[in-house]
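Participant: So that you have it, the file is work-v9.cif, and it contains mmCIF, C-alpha atoms (C1' of nucleotides):
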data_model
#
loop_
_atom_site.label_atom_id
_atom_site.label_comp_id
_atom_site.auth_asym_id
_atom_site.auth_seq_id
_atom_site.Cartn_x
_atom_site.Cartn_y
_atom_site.Cartn_z
CA MET A 1 0.00 0.00 0.00
CA GLN A 2 3.00 2.27 0.45
CA ASP A 3 3.82 1.56 -3.18
CA LEU A 4 0.79 3.57 -4.19
CA LEU A 5 2.26 6.60 -2.48
CA PHE A 6 5.78 6.12 -3.77
CA GLY A 7 4.54 5.49 -7.30
CA PHE A 8 2.69 8.77 -7.15
CA ILE A 9 5.62 10.70 -5.69
CA SER A 10 8.00 9.31 -8.30
CA LYS A 11 6.19 11.38 -10.91
CA TYR A 12 7.50 14.50 -9.23
CA VAL A 13 10.80 13.68 -7.46
CA THR A 14 13.04 10.65 -7.09
CA LEU A 15 13.35 9.32 -3.57
CA THR A 16 16.26 7.37 -2.08
CA GLU A 17 15.65 4.33 0.14
CA ASP A 18 16.55 6.49 3.12
CA GLU A 19 13.89 8.99 2.21
CA LYS A 20 11.29 6.32 1.66
CA ASN A 21 12.11 4.80 5.04
CA ALA A 22 11.79 8.23 6.63
CA ILE A 23 8.26 8.45 5.29
CA VAL A 24 7.28 4.94 6.33
CA SER A 25 8.60 5.53 9.84
CA LEU A 26 6.22 8.46 10.23
CA ASN A 27 3.43 5.94 10.47
CA ILE A 28 0.96 8.03 8.53
CA PHE A 29 -0.95 5.24 6.79
CA ARG A 30 -4.51 4.67 7.95
CA SER A 31 -7.49 2.79 6.68
CA ALA A 32 -11.06 3.92 7.33
CA LYS A 33 -14.44 2.28 6.78
CA LYS A 34 -17.12 3.72 4.56
CA GLY A 35 -19.13 6.30 6.48
CA THR A 36 -16.35 7.11 8.94
CA THR A 37 -16.29 10.78 9.88
CA LEU A 38 -12.70 12.05 9.76
CA LEU A 39 -13.44 15.63 10.80
CA LYS A 40 -16.51 17.25 12.33
CA GLU A 41 -17.84 20.76 12.16
CA GLY A 42 -16.62 22.79 15.12
CA GLN A 43 -13.65 20.50 15.66
CA LYS A 44 -10.04 21.67 15.67
CA SER A 45 -7.50 19.51 13.89
CA ASN A 46 -4.09 19.67 12.28
CA ASP A 47 -4.48 16.70 10.00
CA GLY A 48 -4.08 16.79 6.26
CA TYR A 49 -5.40 13.90 4.19
CA PHE A 50 -4.14 12.16 1.09
CA VAL A 51 -6.22 9.45 -0.56
CA LEU A 52 -4.32 6.33 -1.62
CA LYS A 53 -7.43 4.27 -2.24
CA GLY A 54 -11.11 5.04 -1.89
CA CYS A 55 -13.00 8.30 -1.73
CA ILE A 56 -13.64 10.99 0.86
CA ARG A 57 -15.87 14.05 0.74
CA THR A 58 -16.19 17.42 2.43
CA TYR A 59 -19.64 18.71 3.30
CA TYR A 60 -21.37 21.47 5.21
CA VAL A 61 -24.58 20.99 7.16
CA ILE A 62 -26.80 23.99 6.47
CA ASP A 63 -30.32 24.07 7.91
CA GLY A 64 -29.95 20.37 8.64
CA GLU A 65 -29.07 19.61 5.04
CA GLU A 66 -25.78 18.22 3.78
CA LYS A 67 -24.08 20.32 1.12
CA THR A 68 -21.23 18.38 -0.46
CA THR A 69 -18.56 20.68 -1.83
CA ALA A 70 -15.80 18.28 -2.89
CA PHE A 71 -14.80 14.67 -3.49
CA TYR A 72 -11.23 13.41 -3.21
CA THR A 73 -10.25 10.13 -4.83
CA GLU A 74 -7.02 8.23 -5.54
CA MET A 75 -3.91 10.43 -5.43
CA GLU A 76 -5.77 13.55 -4.36
CA GLY A 77 -4.99 15.42 -1.17
CA LEU A 78 -6.69 17.90 1.08
CA THR A 79 -5.50 20.26 3.77
CA PRO A 80 -8.67 21.38 5.55
CA HIS A 81 -9.30 25.05 5.93
CA CYS A 82 -9.25 24.78 9.71
CA VAL A 83 -5.64 23.55 9.59
CA ILE A 84 -4.44 26.54 7.59
CA ASN A 85 -6.55 28.94 9.59
CA LYS A 86 -6.19 27.43 13.08
CA THR A 87 -9.94 27.77 13.58
CA PRO A 88 -12.69 25.23 14.29
CA SER A 89 -13.77 23.46 11.12
CA GLU A 90 -16.81 24.74 9.29
CA TYR A 91 -17.37 21.47 7.52
CA PHE A 92 -17.31 17.70 7.86
CA ILE A 93 -15.04 15.21 6.14
CA SER A 94 -16.11 11.61 5.77
CA CYS A 95 -15.41 8.45 3.81
CA VAL A 96 -17.64 7.70 0.84
CA GLU A 97 -16.00 4.28 0.52
CA ASP A 98 -13.67 2.09 2.55
CA SER A 99 -10.45 4.05 2.09
CA ILE A 100 -6.72 3.97 2.62
CA LEU A 101 -5.34 7.36 3.52
CA THR A 102 -2.27 9.08 4.77
CA ILE A 103 -3.12 11.36 7.65
CA ALA A 104 -0.38 13.79 8.56
CA ASP A 105 0.06 16.77 10.81
CA PRO A 106 1.84 19.63 8.99
CA GLU A 107 3.86 20.11 12.19
CA MET A 108 5.66 16.92 11.22
CA GLU A 109 6.37 18.40 7.86
CA VAL A 110 8.68 21.05 9.24
CA ASP A 111 11.00 18.36 10.58
CA ILE A 112 10.95 16.39 7.36
CA PHE A 113 11.55 19.50 5.28
CA LYS A 114 14.70 20.15 7.28
CA LYS A 115 15.97 16.63 6.84
CA PHE A 116 14.89 16.28 3.21
CA PRO A 117 14.41 19.64 1.45
CA LYS A 118 13.23 17.68 -1.55
CA PHE A 119 9.88 17.23 0.20
CA GLU A 120 9.35 20.92 0.43
CA THR A 121 9.73 21.24 -3.33
CA LEU A 122 7.28 18.36 -3.75
CA CYS A 123 4.71 20.02 -1.52
CA ARG A 124 5.07 23.40 -3.17
CA VAL A 125 4.65 21.93 -6.66
CA LEU A 126 1.65 19.90 -5.57
CA SER A 127 -0.05 22.84 -3.94
CA GLU A 128 0.57 25.09 -6.92
CA GLU A 129 -0.93 22.43 -9.14
CA LEU A 130 -3.89 22.18 -6.81
CA LEU A 131 -4.44 25.92 -6.72
CA ALA A 132 -4.47 26.12 -10.51
CA LYS A 133 -6.87 23.17 -10.71
CA GLN A 134 -9.17 24.73 -8.14
CA GLN A 135 -9.32 28.03 -9.97
CA ILE A 136 -10.31 26.37 -13.21
CA ASN A 137 -12.84 24.25 -11.34
CA PHE A 138 -14.47 27.28 -9.78
CA ASP A 139 -14.59 29.11 -13.11
CA GLU A 140 -16.17 26.10 -14.79
CA TYR A 141 -18.74 25.84 -12.03
CA LYS A 142 -19.64 29.50 -12.31
CA THR A 143 -19.90 29.55 -16.06
CA SER A 144 -22.15 26.53 -16.50
CA SER A 145 -25.64 25.27 -15.68
CA PRO A 146 -26.37 22.21 -13.51
CA GLU A 147 -26.98 20.17 -16.68
CA GLN A 148 -23.69 21.28 -18.21
CA ARG A 149 -21.94 20.56 -14.92
CA TYR A 150 -23.35 17.04 -14.90
CA LEU A 151 -22.26 16.42 -18.49
CA ASN A 152 -18.86 17.87 -17.66
CA LEU A 153 -18.52 15.54 -14.67
CA LEU A 154 -19.52 12.63 -16.89
CA GLN A 155 -16.55 13.54 -19.10
CA LYS A 156 -13.95 14.36 -16.50
CA ARG A 157 -14.70 12.09 -13.56
CA PRO A 158 -17.04 9.34 -14.83
CA ASP A 159 -15.96 7.14 -11.92
CA LEU A 160 -17.54 9.54 -9.40
CA ILE A 161 -20.97 9.04 -10.93
CA GLN A 162 -20.63 5.32 -10.33
CA ARG A 163 -19.16 5.34 -6.87
CA VAL A 164 -20.96 8.24 -5.18
CA PRO A 165 -24.64 8.19 -4.05
CA GLN A 166 -26.93 10.31 -6.23
CA HIS A 167 -28.00 12.68 -3.47
CA GLN A 168 -24.36 13.52 -2.71
CA LEU A 169 -23.67 14.06 -6.40
CA ALA A 170 -26.74 16.28 -6.70
CA SER A 171 -25.59 18.40 -3.80
CA TYR A 172 -22.13 18.61 -5.36
CA LEU A 173 -23.73 19.85 -8.59
CA GLY A 174 -25.66 22.47 -6.63
CA ILE A 175 -29.13 20.93 -7.00
CA LYS A 176 -31.60 18.61 -5.23
CA PRO A 177 -31.66 14.84 -5.85
CA GLN A 178 -35.05 15.14 -7.56
CA SER A 179 -33.62 17.67 -9.99
CA LEU A 180 -30.70 15.40 -10.80
CA SER A 181 -33.08 12.54 -11.56
CA ARG A 182 -35.15 14.81 -13.80
CA LEU A 183 -32.06 16.23 -15.48
CA ARG A 184 -30.76 12.76 -16.28
CA ALA A 185 -34.13 11.73 -17.68
CA ARG A 186 -34.07 14.89 -19.82
CA ILE A 187 -30.63 14.08 -21.21
CA LEU A 188 -31.62 10.49 -21.95
CA LYS A 189 -34.68 11.70 -23.85
CA LYS A 190 -32.61 14.13 -25.93
CA ASN A 191 -30.16 11.41 -26.89
CA LYS A 192 -32.97 9.09 -27.97
CA GLY A 193 -35.42 11.36 -29.72
CA MET B 1 1.91 55.65 -4.69
CA GLN B 2 4.69 53.32 -3.55
CA ASP B 3 3.57 54.06 -0.02
CA LEU B 4 0.40 52.11 -0.70
CA LEU B 5 2.47 49.03 -1.43
CA PHE B 6 4.86 49.47 1.49
CA GLY B 7 2.02 50.16 3.88
CA PHE B 8 0.45 46.89 2.83
CA ILE B 9 3.69 44.91 3.03
CA SER B 10 4.45 46.27 6.50
CA LYS B 11 1.51 44.25 7.82
CA TYR B 12 3.44 41.09 7.03
CA VAL B 13 7.19 41.86 7.17
CA THR B 14 9.37 44.84 7.99
CA LEU B 15 11.45 46.15 5.10
CA THR B 16 14.75 48.02 5.30
CA GLU B 17 15.38 51.05 3.09
CA ASP B 18 17.64 48.85 0.97
CA GLU B 19 14.84 46.42 0.40
CA LYS B 20 12.37 49.14 -0.42
CA ASN B 21 14.81 50.61 -2.93
CA ALA B 22 15.26 47.18 -4.48
CA ILE B 23 11.53 47.03 -5.09
CA VAL B 24 11.30 50.54 -6.46
CA SER B 25 14.19 49.88 -8.83
CA LEU B 26 12.27 46.99 -10.38
CA ASN B 27 10.04 49.55 -12.00
CA ILE B 28 6.89 47.52 -11.57
CA PHE B 29 4.43 50.36 -11.02
CA ARG B 30 1.94 50.98 -13.82
CA SER B 31 -1.23 52.94 -14.23
CA ALA B 32 -4.00 51.86 -16.59
CA LYS B 33 -7.17 53.60 -17.79
CA LYS B 34 -10.65 52.21 -17.23
CA GLY B 35 -11.45 49.69 -19.92
CA THR B 36 -7.84 48.78 -20.64
CA THR B 37 -7.40 45.10 -21.44
CA LEU B 38 -4.39 43.75 -19.55
CA LEU B 39 -4.57 40.19 -20.85
CA LYS B 40 -6.49 38.63 -23.73
CA GLU B 41 -7.81 35.13 -24.26
CA GLY B 42 -5.30 33.07 -26.21
CA GLN B 43 -2.42 35.31 -25.18
CA LYS B 44 0.68 34.07 -23.38
CA SER B 45 2.03 36.16 -20.55
CA ASN B 46 4.17 35.93 -17.44
CA ASP B 47 2.75 38.94 -15.66
CA GLY B 48 1.22 38.86 -12.22
CA TYR B 49 -0.91 41.79 -11.07
CA PHE B 50 -1.34 43.53 -7.75
CA VAL B 51 -3.91 46.29 -7.37
CA LEU B 52 -2.74 49.38 -5.47
CA LYS B 53 -5.69 51.51 -6.49
CA GLY B 54 -8.72 50.82 -8.66
CA CYS B 55 -10.34 47.59 -9.76
CA ILE B 56 -9.65 44.89 -12.34
CA ARG B 57 -11.69 41.87 -13.37
CA THR B 58 -11.19 38.49 -15.01
CA TYR B 59 -13.78 37.27 -17.49
CA TYR B 60 -14.36 34.56 -20.04
CA VAL B 61 -16.14 35.09 -23.34
CA ILE B 62 -18.47 32.14 -23.87
CA ASP B 63 -20.81 32.13 -26.89
CA GLY B 64 -20.05 35.82 -27.33
CA GLU B 65 -21.07 36.57 -23.76
CA GLU B 66 -18.83 37.90 -21.01
CA LYS B 67 -18.74 35.78 -17.85
CA THR B 68 -17.03 37.67 -15.06
CA THR B 69 -15.45 35.31 -12.54
CA ALA B 70 -13.54 37.67 -10.22
CA PHE B 71 -12.89 41.25 -9.18
CA TYR B 72 -9.65 42.45 -7.62
CA THR B 73 -9.55 45.71 -5.72
CA GLU B 74 -7.09 47.55 -3.46
CA MET B 75 -4.38 45.28 -1.99
CA GLU B 76 -5.51 42.20 -3.87
CA GLY B 77 -3.27 40.30 -6.24
CA LEU B 78 -3.67 37.85 -9.08
CA THR B 79 -1.34 35.43 -10.80
CA PRO B 80 -3.20 34.38 -13.95
CA HIS B 81 -3.64 30.71 -14.60
CA CYS B 82 -1.69 30.96 -17.86
CA VAL B 83 1.40 32.11 -15.93
CA ILE B 84 1.35 29.10 -13.61
CA ASN B 85 0.47 26.73 -16.41
CA LYS B 86 2.59 28.21 -19.23
CA THR B 87 -0.41 27.95 -21.54
CA PRO B 88 -2.37 30.55 -23.55
CA SER B 89 -4.85 32.36 -21.34
CA GLU B 90 -8.46 31.14 -21.29
CA TYR B 91 -9.74 34.45 -20.02
CA PHE B 92 -9.44 38.21 -20.26
CA ILE B 93 -8.29 40.65 -17.62
CA SER B 94 -9.32 44.29 -17.83
CA CYS B 95 -9.64 47.45 -15.76
CA VAL B 96 -13.05 48.24 -14.31
CA GLU B 97 -11.72 51.64 -13.19
CA ASP B 98 -8.65 53.77 -13.76
CA SER B 99 -6.12 51.76 -11.76
CA ILE B 100 -2.63 51.76 -10.34
CA LEU B 101 -1.05 48.33 -10.44
CA THR B 102 2.19 46.55 -9.96
CA ILE B 103 2.87 44.27 -12.89
CA ALA B 104 5.63 41.78 -12.30
CA ASP B 105 7.07 38.78 -14.04
CA PRO B 106 7.66 35.89 -11.59
CA GLU B 107 11.01 35.37 -13.34
CA MET B 108 12.10 38.55 -11.60
CA GLU B 109 11.00 37.10 -8.30
CA VAL B 110 13.67 34.41 -8.32
CA ASP B 111 16.39 37.07 -8.32
CA ILE B 112 14.74 39.05 -5.57
CA PHE B 113 14.16 35.95 -3.46
CA LYS B 114 17.87 35.24 -3.61
CA LYS B 115 18.81 38.74 -2.56
CA PHE B 116 16.04 39.13 0.03
CA PRO B 117 14.69 35.78 1.30
CA LYS B 118 12.20 37.79 3.28
CA PHE B 119 10.19 38.26 0.10
CA GLU B 120 9.77 34.57 -0.38
CA THR B 121 8.21 34.29 3.05
CA LEU B 122 5.93 37.20 2.19
CA CYS B 123 4.80 35.57 -1.05
CA ARG B 124 4.24 32.19 0.53
CA VAL B 125 2.15 33.68 3.33
CA LEU B 126 0.13 35.76 0.89
CA SER B 127 -0.56 32.83 -1.40
CA GLU B 128 -1.58 30.57 1.46
CA GLU B 129 -3.94 33.27 2.64
CA LEU B 130 -5.31 33.56 -0.87
CA LEU B 131 -5.84 29.83 -1.25
CA ALA B 132 -7.77 29.64 1.99
CA LYS B 133 -9.88 32.62 0.98
CA GLN B 134 -10.62 31.10 -2.40
CA GLN B 135 -11.74 27.81 -0.92
CA ILE B 136 -14.19 29.51 1.39
CA ASN B 137 -15.39 31.65 -1.49
CA PHE B 138 -16.09 28.65 -3.65
CA ASP B 139 -17.89 26.85 -0.86
CA GLU B 140 -20.05 29.91 -0.18
CA TYR B 141 -20.88 30.21 -3.84
CA LYS B 142 -21.88 26.57 -4.08
CA THR B 143 -23.98 26.55 -0.95
CA SER B 144 -26.08 29.62 -1.67
CA SER B 145 -28.65 30.95 -4.11
CA PRO B 146 -28.12 34.01 -6.34
CA GLU B 147 -30.17 36.09 -3.91
CA GLN B 148 -28.12 34.92 -0.93
CA ARG B 149 -24.94 35.57 -2.90
CA TYR B 150 -26.07 39.12 -3.61
CA LEU B 151 -26.90 39.75 0.05
CA ASN B 152 -23.59 38.23 1.03
CA LEU B 153 -21.74 40.51 -1.37
CA LEU B 154 -23.64 43.46 0.04
CA GLN B 155 -22.21 42.52 3.45
CA LYS B 156 -18.68 41.61 2.49
CA ARG B 157 -17.80 43.88 -0.41
CA PRO B 158 -20.40 46.67 -0.47
CA ASP B 159 -17.96 48.83 -2.44
CA LEU B 160 -18.13 46.45 -5.41
CA ILE B 161 -21.85 47.04 -5.81
CA GLN B 162 -21.16 50.75 -6.13
CA ARG B 163 -18.15 50.67 -8.40
CA VAL B 164 -18.93 47.80 -10.77
CA PRO B 165 -21.55 47.94 -13.59
CA GLN B 166 -24.67 45.86 -12.87
CA HIS B 167 -24.25 43.53 -15.81
CA GLN B 168 -20.74 42.58 -14.65
CA LEU B 169 -22.02 42.05 -11.11
CA ALA B 170 -24.87 39.90 -12.40
CA SER B 171 -22.46 37.74 -14.35
CA TYR B 172 -20.26 37.46 -11.26
CA LEU B 173 -23.29 36.26 -9.27
CA GLY B 174 -24.04 33.69 -11.95
CA ILE B 175 -27.19 35.30 -13.35
CA LYS B 176 -28.38 37.68 -16.11
CA PRO B 177 -28.64 41.45 -15.58
CA GLN B 178 -32.44 41.25 -15.82
CA SER B 179 -32.49 38.70 -13.01
CA LEU B 180 -30.31 40.90 -10.84
CA SER B 181 -32.69 43.83 -11.34
CA ARG B 182 -35.64 41.64 -10.45
CA LEU B 183 -33.87 40.14 -7.45
CA ARG B 184 -33.03 43.59 -6.10
CA ALA B 185 -36.63 44.72 -6.57
CA ARG B 186 -37.74 41.58 -4.72
CA ILE B 187 -35.44 42.31 -1.77
CA LEU B 188 -36.60 45.93 -1.61
CA LYS B 189 -40.22 44.81 -1.51
CA LYS B 190 -39.53 42.35 1.31
CA ASN B 191 -37.84 45.03 3.41
CA LYS B 192 -40.74 47.41 2.96
CA GLY B 193 -43.67 45.33 3.65
"C1'" DT C 1 -33.34 -13.42 7.03
"C1'" DG C 2 -36.69 -9.92 7.67
"C1'" DA C 3 -37.96 -5.32 9.24
"C1'" DA C 4 -36.58 -0.72 9.03
"C1'" DT C 5 -34.37 2.76 7.01
"C1'" DT C 6 -32.31 5.10 3.31
"C1'" DC C 7 -32.23 6.00 -1.56
"C1'" DG C 8 -33.77 7.01 -6.24
"C1'" DT C 9 -37.47 8.17 -9.24
"C1'" DT C 10 -41.78 10.21 -10.60
"C1'" DC C 11 -45.50 13.59 -10.28
"C1'" DA C 12 -48.02 17.94 -9.52
"C1'" DC C 13 -47.37 22.36 -8.10
"C1'" DT C 14 -44.52 26.62 -6.84
"C1'" DT C 15 -40.78 29.70 -7.39
"C1'" DA C 16 -37.06 31.85 -9.59
"C1'" DA C 17 -34.05 32.39 -13.43
"C1'" DG C 18 -33.66 32.71 -18.81
"C1'" DT C 19 -35.43 35.02 -22.95
"C1'" DT C 20 -37.17 38.52 -25.77
"C1'" DA C 21 -38.55 43.01 -26.20
"C1'" DA C 22 -39.22 47.80 -25.13
"C1'" DG C 23 -38.29 52.03 -23.09
"C1'" DA C 24 -35.95 55.14 -19.63
"C1'" DA C 25 -31.59 56.67 -17.74
"C1'" DA C 26 -26.78 57.33 -17.82
"C1'" DT C 27 -22.53 57.74 -20.30
"C1'" DG C 28 -19.42 59.07 -23.82
"C1'" DA C 29 -17.79 61.06 -27.99
"C1'" DA C 30 -18.06 64.48 -31.63
"C1'" DT D 1 -24.41 70.30 -25.97
"C1'" DT D 2 -26.29 66.90 -28.65
"C1'" DC D 3 -26.56 62.46 -30.63
"C1'" DA D 4 -25.43 57.69 -30.22
"C1'" DT D 5 -24.42 54.02 -27.45
"C1'" DT D 6 -24.49 51.51 -23.50
"C1'" DT D 7 -26.69 50.39 -19.28
"C1'" DC D 8 -30.55 49.50 -16.28
"C1'" DT D 9 -35.22 48.39 -15.43
"C1'" DT D 10 -39.75 46.48 -16.31
"C1'" DA D 11 -42.88 43.18 -18.32
"C1'" DA D 12 -44.79 38.87 -20.44
"C1'" DC D 13 -43.69 34.43 -21.43
"C1'" DT D 14 -40.67 30.06 -21.19
"C1'" DT D 15 -37.83 26.86 -18.90
"C1'" DA D 16 -35.72 24.62 -15.16
"C1'" DA D 17 -35.00 24.05 -10.34
"C1'" DG D 18 -37.33 23.75 -5.50
"C1'" DT D 19 -40.95 21.49 -2.70
"C1'" DG D 20 -43.84 17.98 -0.85
"C1'" DA D 21 -45.52 13.59 -1.39
"C1'" DA D 22 -45.79 8.86 -2.86
"C1'" DC D 23 -43.83 4.48 -3.98
"C1'" DG D 24 -40.71 0.83 -5.22
"C1'" DA D 25 -35.80 -0.58 -4.87
"C1'" DA D 26 -31.71 -1.03 -2.43
"C1'" DT D 27 -29.23 -1.14 1.74
"C1'" DT D 28 -28.48 -1.76 6.60
"C1'" DC D 29 -28.42 -4.09 10.65
"C1'" DA D 30 -30.41 -6.52 14.41
#
Rewrite the structure of this file - the entire thing - as structure tokens.
Facilitator:
Amino acid sequence: MQDLLFGFISKYVTLTEDEKNAIVSLNIFRSAKKGTTLLKEGQKSNDGYFVLKGCIRTYYVIDGEEKTTAFYTEMEGLTPHCVINKTPSEYFISCVEDSILTIADPEMEVDIFKKFPKFETLCRVLSEELLAKQQINFDEYKTSSPEQRYLNLLQKRPDLIQRVPQHQLASYLGIKPQSLSRLRARILKKNKG
Amino acid sequence: MQDLLFGFISKYVTLTEDEKNAIVSLNIFRSAKKGTTLLKEGQKSNDGYFVLKGCIRTYYVIDGEEKTTAFYTEMEGLTPHCVINKTPSEYFISCVEDSILTIADPEMEVDIFKKFPKFETLCRVLSEELLAKQQINFDEYKTSSPEQRYLNLLQKRPDLIQRVPQHQLASYLGIKPQSLSRLRARILKKNKG
DNA sequence: TGAATTCGTTCACTTAAGTTAAGAAATGAA
DNA sequence: TTCATTTCTTAACTTAAGTGAACGAATTCA
């Protein structure tokens, strides 16, 4: 299961055995059952997450309703807002599927960065990549309708539509489950007739 | 006009006269008239922008229609996606008002960082702050209706509503100008009776 | 396994945004 | 200042999402 992580990292930097061992010795690998809540609203935490296998989601609870704002699947990572901000979390994080994650406190990072500056480069590159991706994501969301967003998702992350419950997907697309059902029926009709 | 920049920077780090002079000698201060296009779709550029005075916006042109995705006002900065990605720009950037900006190529930054490591800290802190802000922004956008978004804007950036044309605001809120008019009339009615 | 809950779809009705059009107000250029 | 253009608002109509309810299917778990 570590191989998943090292395979991913190898796309960015080359690690020596020493460096790999340093990572393993941090003991950051965790597995979590479907439905497990990793972070609760109001909670303080310093943990960042990286998905090796499975799927996790972030969601707000507003007027008793879940509003899913993001899904993270294989080789995607998340540093919750509350970690950066040192404030109680405004949202929940939970497992959509049984998952294998790395869970790491950025405090650790400082030590590792000193020992292996290579890791700092890795983290900077990853976060820049993430920022760029997020910007484009937001722009796409803003410039398209729910139907377009669904079709876009179908193109870009077809796996999500299979592995995530409809009502969570709907919320992620900014609509109600009933509207997603209707929208899908509408698309099907168009493609037939 | 440099004082605006140094006043802002002083909130994060303290600069010596030497360091201030180093910045001034970079000759990064520019002024631009309302309506000036700073970056066009399809264009390649390495320039990052920081607004000292005035207001700039980013917008896409989709099916001949402008879709405004962001406004940047005093003490806000923007590194366009095309700079990070080294690709042609997917959007336009233009001045909403007569503006005073710093326009800097990140290539320059490397030199400055070497001379004054303090600047790297400054940039890292600023970009982390920005990332956190953006995440929250996106989440708020996703979890609220156009009307809520308008009311939210009224709270958080009341100046924008004064200084930006309605049709650009509407686009920014994800709706048509007609809908913004209607929505405002609706709110006014509620508050009366 | 069987009962209970959650989930997904459909329907009828409501609400709000999109569209088209027209006219008033503000802005800008000659 | 005047004329032209752009911007903002209003209105009538269309379209799509929200709401509440019902029902069968799938999932959970005791």
Participant: Just need the residues of chain A within 8 Å of chain D, counting all atoms listed in the file, so spit them out as a ChimeraX atom specification.
Facilitator: /A:175-176,179
Participant: Any chance you could resolve the PyMOL selection byres ((chain B and resi 52) around 7) against this file and give the residues as a list in words?
Facilitator: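 Applying the expression gives Leu4, Leu5, Phe50, Val51, Lys53, Gly54, Glu74, Met75, Ile100 and Leu101 of chain B.
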Participant: Specify as JSON, numbers by chain all residues of chain B found within 9 Å of chain A, counting only C-alpha atoms.
Facilitator: {"B": [60, 62, 67, 68, 69, 81, 84, 85, 128, 129, 131, 132, 134, 135, 136, 138, 139, 141, 142, 143, 144, 171, 172, 173, 174]}
Participant: Tell me which protein, DNA and RNA residues are within 12 Å of Leu160 in chain B, counting only C-alpha atoms (C1' of nucleotides), leaving out same-chain ones fewer than 2 positions away, and put them as a PyMOL selection string.
Facilitator: chain B and resi 54-57+70-74+96-97+150+152-158+162-166+168-170+172
Participant: Please list, as a ChimeraX atom specification, the residues that have an atom at most 12 Å away from (-3.1, 38.1, -24.0) in the coordinates of this file, counting all atoms listed in the file.
Facilitator: /B:37-47,80-83,87-94
Participant: Mind listing as a PyMOL selection string which residues of chain A are within 10 Å of chain C, counting all atoms listed in the file?
Facilitator: chain A and resi 165-167+177-178+181-182+185
Participant: Report the distance between CA of Gln148 in chain B and CA of Asp63 in chain A in Å, rounded to one decimal place.
Facilitator: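 Result for CA of Gln148 in chain B versus CA of Asp63 in chain A: 14.2 Å, one decimal.
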Participant: Can you list, as an NGL selection string, every protein, DNA or RNA residue that comes within 9 Å of Phe29 in chain B when you count all atoms listed in the file, leaving out same-chain residues fewer than 5 positions away?
Facilitator: :B and (1-2 or 24 or 100-104)
Participant: Please, what distance in Å, to one decimal, runs between CA of Glu76 in chain A and CA of Ser10 in chain A?
Facilitator: 14.9 Å
Participant: Tell me, in Å to one decimal, how far CA of Ala32 in chain B is from CA of Asp98 in chain B.
Facilitator: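 CA of Asp98 in chain B lies at a distance of 5.8 Å from CA of Ala32 in chain B.
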Participant: Check the smallest atom-to-atom distance from each of A:Lys118, A:Arg184, A:Arg149, A:Lys190 to Lys20 in chain A using only C-alpha atoms, then report the winner.
Facilitator: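 Checking each of A:Lys118, A:Arg184, A:Arg149, A:Lys190 against Lys20 in chain A, counting only C-alpha atoms, the winner is A:Lys118.
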Participant: Step by step, work through what the PyMOL selection byres ((chain B and resi 116) around 12) selects in the shown file, and finish by giving those residues as an MDAnalysis selection string.
Facilitator: chainID B and resid 13:16 18:23 109:115 117:123
